[in-house]
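**Student:** Sharing data_33.cif below, mmCIF, C-alpha atoms:
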data_my_file
#
loop_
_atom_site.label_atom_id
_atom_site.label_comp_id
_atom_site.auth_asym_id
_atom_site.auth_seq_id
_atom_site.Cartn_x
_atom_site.Cartn_y
_atom_site.Cartn_z
CA ASN A 1 0.00 0.00 0.00
CA MET A 2 1.19 3.53 -0.80
CA THR A 3 0.46 6.47 1.51
CA SER A 4 0.90 10.13 0.53
CA MET A 5 1.27 12.91 3.09
CA THR A 6 1.71 16.70 2.71
CA ASP A 7 2.54 18.71 5.85
CA GLY A 8 1.45 15.75 7.95
CA ARG A 9 -1.95 15.48 6.26
CA PRO A 10 -3.22 12.81 3.83
CA SER A 11 -3.02 14.01 0.24
CA ALA A 12 -3.34 12.78 -3.33
CA SER A 13 -0.25 11.20 -4.83
CA ILE A 14 0.83 11.91 -8.39
CA MET A 15 3.07 9.44 -10.22
CA ILE A 16 4.89 11.03 -13.15
CA LYS A 17 7.13 9.34 -15.72
CA GLN A 18 9.48 11.84 -17.27
CA ARG A 19 10.85 11.14 -20.74
CA PRO A 20 14.65 10.95 -21.11
CA GLY A 21 16.06 14.33 -22.08
CA SER A 22 12.96 16.31 -21.05
CA ASN A 23 13.29 19.42 -18.90
CA ALA A 24 12.09 18.87 -15.32
CA ARG A 25 11.07 22.51 -14.86
CA GLU A 26 8.96 22.45 -18.02
CA VAL A 27 7.30 19.21 -16.90
CA ILE A 28 6.41 20.75 -13.52
CA GLN A 29 4.97 23.86 -15.15
CA ASN A 30 2.92 21.81 -17.61
CA ILE A 31 1.50 19.74 -14.79
CA LYS A 32 0.58 22.86 -12.81
CA THR A 33 -1.16 24.34 -15.83
CA LYS A 34 -3.16 21.20 -16.60
CA MET A 35 -4.22 20.65 -13.00
CA ALA A 36 -5.22 24.31 -12.62
CA GLU A 37 -7.41 23.96 -15.72
CA ARG A 38 -9.12 20.95 -14.19
CA LEU A 39 -9.75 22.81 -10.95
CA LYS A 40 -11.29 25.72 -12.82
CA SER A 41 -13.58 23.42 -14.83
CA ASN A 42 -15.95 23.65 -11.86
CA GLN A 43 -15.89 27.42 -11.55
CA MET A 44 -17.56 29.33 -8.78
CA SER A 45 -20.10 30.63 -11.30
CA ASP A 46 -21.08 27.04 -12.22
CA THR A 47 -22.32 25.97 -8.78
CA PHE A 48 -25.91 24.90 -8.24
CA THR A 49 -26.36 27.36 -5.35
CA ASN A 50 -25.32 30.25 -7.57
CA ALA A 51 -27.64 29.06 -10.33
CA ILE A 52 -30.62 29.05 -7.94
CA PHE A 53 -30.38 32.78 -7.19
CA LEU A 54 -29.65 33.70 -10.80
CA THR A 55 -32.70 31.72 -11.92
CA LEU A 56 -34.94 33.24 -9.24
CA SER A 57 -33.90 36.63 -10.57
CA GLY A 58 -34.53 35.55 -14.17
CA GLY A 59 -38.06 34.37 -13.45
CA PHE A 60 -38.78 37.48 -11.42
CA GLN A 61 -37.66 39.77 -14.27
CA ASP A 62 -40.04 38.14 -16.76
CA ALA A 63 -43.01 38.42 -14.40
CA TYR A 64 -42.09 42.03 -13.60
CA THR A 65 -41.98 43.33 -17.16
CA TYR A 66 -45.11 41.43 -18.16
CA LEU A 67 -47.22 42.59 -15.19
CA CYS A 68 -45.76 46.04 -14.48
CA ARG A 69 -44.39 47.21 -17.81
CA GLY A 70 -47.07 46.63 -20.46
CA LYS A 71 -47.10 42.84 -20.99
CA VAL A 72 -43.62 42.64 -22.52
CA PHE A 73 -41.26 39.75 -21.83
CA ALA A 74 -37.81 40.62 -20.49
CA ASN A 75 -36.20 37.26 -21.29
CA ALA A 76 -38.47 35.36 -23.68
CA GLN A 77 -37.64 37.23 -26.87
CA THR A 78 -39.47 34.56 -28.88
CA GLY A 79 -42.68 35.77 -27.24
CA ASN A 80 -41.84 39.39 -28.06
CA ILE A 81 -41.19 38.50 -31.70
CA VAL A 82 -44.51 36.62 -31.91
CA LEU A 83 -46.43 39.56 -30.41
CA MET A 84 -44.59 42.05 -32.61
CA SER A 85 -45.44 40.06 -35.74
CA THR A 86 -49.06 39.68 -34.65
CA HIS A 87 -49.49 43.44 -34.24
CA PHE A 88 -47.75 44.04 -37.57
CA PHE A 89 -50.12 41.79 -39.53
CA GLU A 90 -53.12 43.23 -37.70
CA GLY A 91 -52.05 46.68 -38.81
CA GLU A 92 -51.30 47.93 -35.28
CA PHE A 93 -48.00 49.50 -36.26
CA GLY A 94 -47.85 51.76 -33.21
CA LEU A 95 -47.27 48.74 -30.97
CA ILE A 96 -44.39 47.26 -32.96
CA LEU A 97 -41.67 49.30 -31.20
CA HIS A 98 -43.17 48.15 -27.90
CA TYR A 99 -41.70 44.70 -28.64
CA LEU A 100 -38.93 45.46 -31.13
CA ILE A 101 -36.87 47.63 -28.76
CA PRO A 102 -36.49 44.89 -26.08
CA VAL A 103 -35.36 42.46 -28.81
CA ILE A 104 -32.69 44.89 -30.03
CA SER A 105 -31.69 45.65 -26.44
CA PHE A 106 -31.28 41.92 -25.79
CA ILE A 107 -28.88 41.59 -28.72
CA PHE A 108 -26.94 44.62 -27.53
CA GLY A 109 -26.71 43.15 -24.00
CA ILE A 110 -25.07 40.00 -25.33
CA CYS A 111 -22.47 42.09 -27.16
CA VAL A 112 -21.71 44.15 -24.04
CA ALA A 113 -21.31 40.99 -21.94
CA GLU A 114 -18.79 39.65 -24.44
CA ILE A 115 -16.88 42.93 -24.42
CA GLN A 116 -16.70 42.81 -20.62
CA HIS A 117 -15.43 39.24 -20.85
CA ILE A 118 -12.65 40.28 -23.22
CA PHE A 119 -11.50 43.24 -21.12
CA PHE A 120 -11.86 41.76 -17.61
CA LYS A 121 -11.33 37.98 -17.96
CA ASN A 122 -7.78 38.22 -16.56
CA TYR A 123 -8.65 40.68 -13.80
CA LYS A 124 -7.36 39.25 -10.51
CA LYS A 125 -9.09 41.17 -7.72
CA ILE A 126 -12.61 40.26 -8.77
CA HIS A 127 -14.06 37.74 -11.21
CA TRP A 128 -15.22 39.26 -14.50
CA ARG A 129 -18.64 37.68 -13.99
CA GLN A 130 -19.00 39.60 -10.74
CA ILE A 131 -18.40 42.81 -12.67
CA VAL A 132 -21.30 41.85 -14.94
CA LEU A 133 -23.48 41.15 -11.89
CA ALA A 134 -22.62 44.54 -10.38
CA PHE A 135 -23.55 46.19 -13.67
CA GLU A 136 -26.87 44.31 -13.72
CA ILE A 137 -27.70 45.34 -10.15
CA VAL A 138 -27.07 49.04 -10.85
CA ILE A 139 -29.24 48.95 -13.98
CA LEU A 140 -32.14 47.18 -12.24
CA LEU A 141 -31.96 49.60 -9.32
CA THR A 142 -32.37 52.39 -11.89
CA VAL A 143 -35.35 50.63 -13.50
CA GLY A 144 -37.22 50.84 -10.19
CA PHE A 145 -37.24 54.65 -10.52
CA ILE A 146 -38.43 54.80 -14.15
CA PRO A 147 -42.10 55.90 -14.35
CA ILE A 148 -44.84 53.99 -16.14
CA ASN A 149 -44.92 56.41 -19.08
CA LEU A 150 -41.35 55.30 -19.92
CA ASN A 151 -42.10 51.57 -19.98
CA ILE A 152 -40.27 51.16 -23.29
CA LEU A 153 -37.04 52.34 -21.65
CA ALA A 154 -37.59 50.14 -18.58
CA ASN A 155 -38.27 47.05 -20.71
CA ALA A 156 -35.20 47.75 -22.84
CA LEU A 157 -32.99 47.93 -19.74
CA VAL A 158 -34.39 44.74 -18.20
CA SER A 159 -33.95 42.89 -21.51
CA PHE A 160 -30.40 44.23 -21.67
CA VAL A 161 -29.73 42.84 -18.18
CA ALA A 162 -31.31 39.48 -19.05
CA ALA A 163 -29.09 39.19 -22.11
CA MET A 164 -25.92 39.90 -20.14
CA GLN A 165 -26.93 37.30 -17.57
CA VAL A 166 -27.76 34.53 -20.04
CA GLN A 167 -24.53 35.18 -21.96
CA THR A 168 -22.32 35.34 -18.86
CA PHE A 169 -23.70 32.42 -16.86
CA ARG A 170 -24.01 29.51 -19.26
CA LYS A 171 -22.74 26.53 -17.27
CA LEU A 172 -24.17 24.52 -14.39
CA ARG A 173 -21.52 22.10 -13.08
CA GLY A 174 -20.03 21.98 -16.55
CA ASN A 175 -23.38 21.54 -18.35
CA THR A 176 -24.98 24.22 -20.53
CA TYR A 177 -28.03 25.91 -19.01
CA ALA A 178 -29.91 29.24 -19.01
CA SER A 179 -30.93 31.20 -15.92
CA THR A 180 -33.38 33.50 -17.72
CA MET A 181 -35.49 31.07 -19.78
CA CYS A 182 -36.72 27.48 -19.64
CA ILE A 183 -36.92 25.85 -23.05
CA GLY A 184 -33.24 24.87 -23.29
CA ASN A 185 -33.24 23.57 -19.72
CA MET A 186 -36.40 21.58 -20.45
CA ARG A 187 -34.82 19.96 -23.50
CA SER A 188 -31.58 19.13 -21.68
CA GLY A 189 -33.43 17.79 -18.64
CA ALA A 190 -35.68 15.55 -20.75
CA GLU A 191 -32.66 14.32 -22.73
CA ALA A 192 -30.76 13.45 -19.53
CA LEU A 193 -33.83 11.69 -18.10
CA CYS A 194 -34.24 9.58 -21.24
CA GLY A 195 -30.53 8.78 -21.11
CA TYR A 196 -30.92 7.59 -17.52
CA LEU A 197 -33.92 5.39 -18.36
CA LYS A 198 -31.86 3.82 -21.14
CA THR A 199 -28.49 3.38 -19.40
CA ARG A 200 -29.37 3.62 -15.68
CA LYS A 201 -26.36 5.88 -15.17
CA LYS A 202 -26.87 7.79 -11.94
CA ILE A 203 -24.98 10.82 -13.22
CA LEU A 204 -27.65 11.33 -15.90
CA LEU A 205 -30.40 11.18 -13.29
CA ILE A 206 -28.62 13.82 -11.21
CA LYS A 207 -28.21 15.96 -14.31
CA ALA A 208 -31.95 15.68 -15.09
CA ILE A 209 -32.90 16.55 -11.51
CA GLU A 210 -30.68 19.64 -11.62
CA TYR A 211 -32.27 20.88 -14.85
CA PHE A 212 -35.84 20.35 -13.63
CA SER A 213 -34.91 21.97 -10.31
CA ILE A 214 -33.71 25.05 -12.19
CA ILE A 215 -37.01 25.17 -14.10
CA PHE A 216 -38.87 24.92 -10.78
CA MET A 217 -36.83 27.79 -9.33
CA PHE A 218 -37.61 29.90 -12.40
CA ALA A 219 -41.31 29.28 -11.77
CA ILE A 220 -40.88 30.20 -8.09
CA GLY A 221 -39.14 33.43 -9.11
CA ALA A 222 -41.91 34.26 -11.58
CA GLY A 223 -44.60 33.51 -8.99
CA PHE A 224 -42.92 35.65 -6.39
CA GLY A 225 -42.48 38.34 -9.01
CA SER A 226 -46.24 38.41 -9.67
CA LEU A 227 -47.01 38.79 -5.95
CA ALA A 228 -44.37 41.49 -5.51
CA ALA A 229 -45.51 43.36 -8.62
CA ASN A 230 -49.11 43.47 -7.39
CA ARG A 231 -48.03 44.83 -4.01
CA TRP A 232 -45.04 47.08 -4.71
CA GLY A 233 -45.47 47.91 -8.39
CA ILE A 234 -42.53 49.19 -10.42
CA ARG A 235 -40.15 49.16 -7.45
CA SER A 236 -40.60 45.42 -6.94
CA ILE A 237 -37.72 44.88 -9.41
CA TRP A 238 -35.40 45.58 -6.48
CA PHE A 239 -36.08 42.05 -5.24
CA SER A 240 -34.32 40.87 -8.39
CA CYS A 241 -31.36 43.03 -7.36
CA ALA A 242 -31.34 41.23 -4.01
CA PHE A 243 -31.13 37.81 -5.69
CA LEU A 244 -28.27 39.00 -7.89
CA PHE A 245 -26.45 40.50 -4.91
CA ILE A 246 -26.60 37.14 -3.10
CA SER A 247 -25.08 35.52 -6.19
CA PHE A 248 -22.39 38.22 -6.20
CA ILE A 249 -21.46 37.38 -2.57
CA ILE A 250 -21.53 33.61 -3.20
CA MET A 251 -18.95 34.06 -5.93
CA PHE A 252 -16.61 35.82 -3.48
CA ILE A 253 -16.82 32.82 -1.13
CA ARG A 254 -16.17 30.38 -3.94
CA LEU A 255 -13.25 32.48 -5.21
CA GLU A 256 -11.47 32.11 -1.87
CA ILE A 257 -12.01 28.33 -1.95
CA GLU A 258 -10.62 28.03 -5.48
CA GLU A 259 -7.53 30.07 -4.58
CA GLU A 260 -6.85 27.78 -1.60
CA LYS A 261 -7.18 24.72 -3.86
CA GLU A 262 -4.73 26.15 -6.37
CA GLU A 263 -2.19 26.90 -3.63
CA GLU A 264 -2.49 23.34 -2.27
CA LEU A 265 -2.10 21.94 -5.78
CA GLU A 266 1.07 23.91 -6.45
CA LYS A 267 2.55 22.79 -3.14
CA ALA A 268 1.69 19.13 -3.82
CA VAL A 269 3.25 19.21 -7.29
CA GLU A 270 6.42 20.89 -6.01
CA ASN A 271 6.75 18.30 -3.23
CA GLU A 272 6.61 15.51 -5.81
CA PHE A 273 9.77 16.86 -7.44
CA LYS A 274 11.80 17.60 -4.29
#
Output the file's structure as structure tokens, nothing else.

**Tutor:**
Amino acid sequence: NMTSMTDGRPSASIMIKQRPGSNAREVIQNIKTKMAERLKSNQMSDTFTNAIFLTLSGGFQDAYTYLCRGKVFANAQTGNIVLMSTHFFEGEFGLILHYLIPVISFIFGICVAEIQHIFFKNYKKIHWRQIVLAFEIVILLTVGFIPINLNILANALVSFVAAMQVQTFRKLRGNTYASTMCIGNMRSGAEALCGYLKTRKKILLIKAIEYFSIIFMFAIGAGFGSLAANRWGIRSIWFSCAFLFISFIIMFIRLEIEEEKEEELEKAVENEFK
């Protein structure tokens, strides 16, 4: 039996066969790089807990814009396109912008999220996704002050936020998902469930449960959004800010954990070559 200890504590042991003539320093660096990539495959933004609060916010936003801002969807742009086309063919041209502007704003939000990713992905003090979350929170706080007669502006801003969120947070434990809509999650959940019924692999069952749980949380967020909208009106969007702020804090906690893991990994690899 082989036992591995680091600083008196049990640890994982790595057995490495180095090719003749290879550089030991390069081998160590390559190992560090590969192991760091594996650690980051389960990023803090991918956790199920984080996804819950993002999805609650996503469901809330859709209910808010539909009930408080003129029956426009913040996230479901398919619905906006259907309604826009319906009004167009019925000759109600004055209502077209009501749905077209949120669609354009959604596209613009995706572009802005990608620009933020490019400029801040290597920023060390805070994760670039947290910068996006902070931006979302500020915008939604502003929406709560926009009067009813400027619903087009409010809907555009909420759609912009929804787009940034769906573009920035696309993974749940390594699997693709969406925190602001349900159809993709429904498809992936059903696919995983069918895979489990066919193969009986437990990992597929867990995957299906996670997807359907996210759909359930979206429904809870939408339901809470309807209650809040009826009671607090346009300022109820601030509850969505609260959900996003919790996600923002969760990512700080996870960031500290990941940094500790990386430090332990580097120490373990260096000890292997002493």

**Student:** Excluding same-chain residues fewer than 4 positions from region 185-188 of chain A, what lies within 7 Å of it counting only C-alpha atoms, as a count of residues only?

**Tutor:** 6

**Student:** Choose the residue, out of A:Ala229, A:Leu83, A:Phe224, A:Thr168, that has the smallest atom-to-atom separation from Ile118 (chain A); count all atoms listed in the file.

**Tutor:** A:Thr168

**Student:** Evaluate the PyMOL selection byres ((chain A and resi 57-73) around 6) and record the selected residues as a PyMOL selection string, following the chain and residue labels used in the document.

**Tutor:** chain A and resi 54-56+74-76+151+179-180+218+221-222+225-226+240+243

**Student:** Work out how far apart CA of Asn80 (chain A) and CA of Asn175 (chain A) are and give it in Å to one decimal.

**Tutor:**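 Calculated distance between CA of Asn80 (chain A) and CA of Asn175 (chain A) is 27.5 Å.
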
**Student:** Please evaluate the PyMOL selection byres ((chain A and resi 129) around 8) against the structure above and give the resulting residues as number ranges by chain.

**Tutor:** A: 45, 117, 127-128, 130-133, 168-169

**Student:** Would you write out, as a list in words, every residue that the PyMOL selection byres ((chain A and resi 114) around 12) captures in this file?

**Tutor:** Ile107, Phe108, Gly109, Ile110, Cys111, Val112, Ala113, Ile115, Gln116, His117, Ile118, Phe119, Phe120, Lys121, Trp128, Arg129, Val132, Ala163, Met164, Gln165, Val166, Gln167, Thr168 and Phe169 of chain A

**Student:** Can you tell me how far CA of Met84 (chain A) sits from CA of Asn155 (chain A), in Å to one decimal?

**Tutor:**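 Computing it gives 14.4 Å between the two atoms.
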
**Student:** Find the distance between CA of Ile249 (chain A) and CA of Arg231 (chain A) and write it in Å to one decimal.

**Tutor:**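 Between CA of Ile249 (chain A) and CA of Arg231 (chain A) the gap is 27.6 Å.
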
**Student:** Give the answer as one residue: which of A:Gly233, A:Leu150, A:Asp46, A:Ile220 has the shortest atom-to-atom distance to Lys171 (chain A), using only C-alpha atoms?

**Tutor:**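 Closest to Lys171 (chain A) of all the choices is A:Asp46.
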
**Student:** Please determine, counting all atoms listed in the file, which residue among A:Cys241, A:Leu204, A:Ile104, A:Met251 has the shortest atom-to-atom distance to Thr49 (chain A).

**Tutor:**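 Looking at the shortest contact to Thr49 (chain A), the residue is A:Met251.
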
**Student:** Of the residues A:Val138, A:Ala51, A:Ala162, A:Ile146, which is the one nearest to Pro102 (chain A), using only C-alpha atoms?

**Tutor:**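 Of the candidates, the smallest distance to Pro102 (chain A) is held by A:Ala162.
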
**Student:** Build an axis-aligned box that encloses every atom of region 210-218 of chain A listed in the file, pad it by 8 Å on each side, and report its centre and edge lengths in Å to one decimal, as lines of an AutoDock Vina configuration file.

**Tutor:**
center_x = -34.8
center_y = 24.8
center_z = -12.1
size_x = 24.2
size_y = 26.3
size_z = 21.5

**Student:** Considering all atoms listed in the file, state which residue in the set A:Ile234, A:Ile203, A:Ile250, A:Cys194 is at the smallest distance from Ile148 (chain A).

**Tutor:** A:Ile234
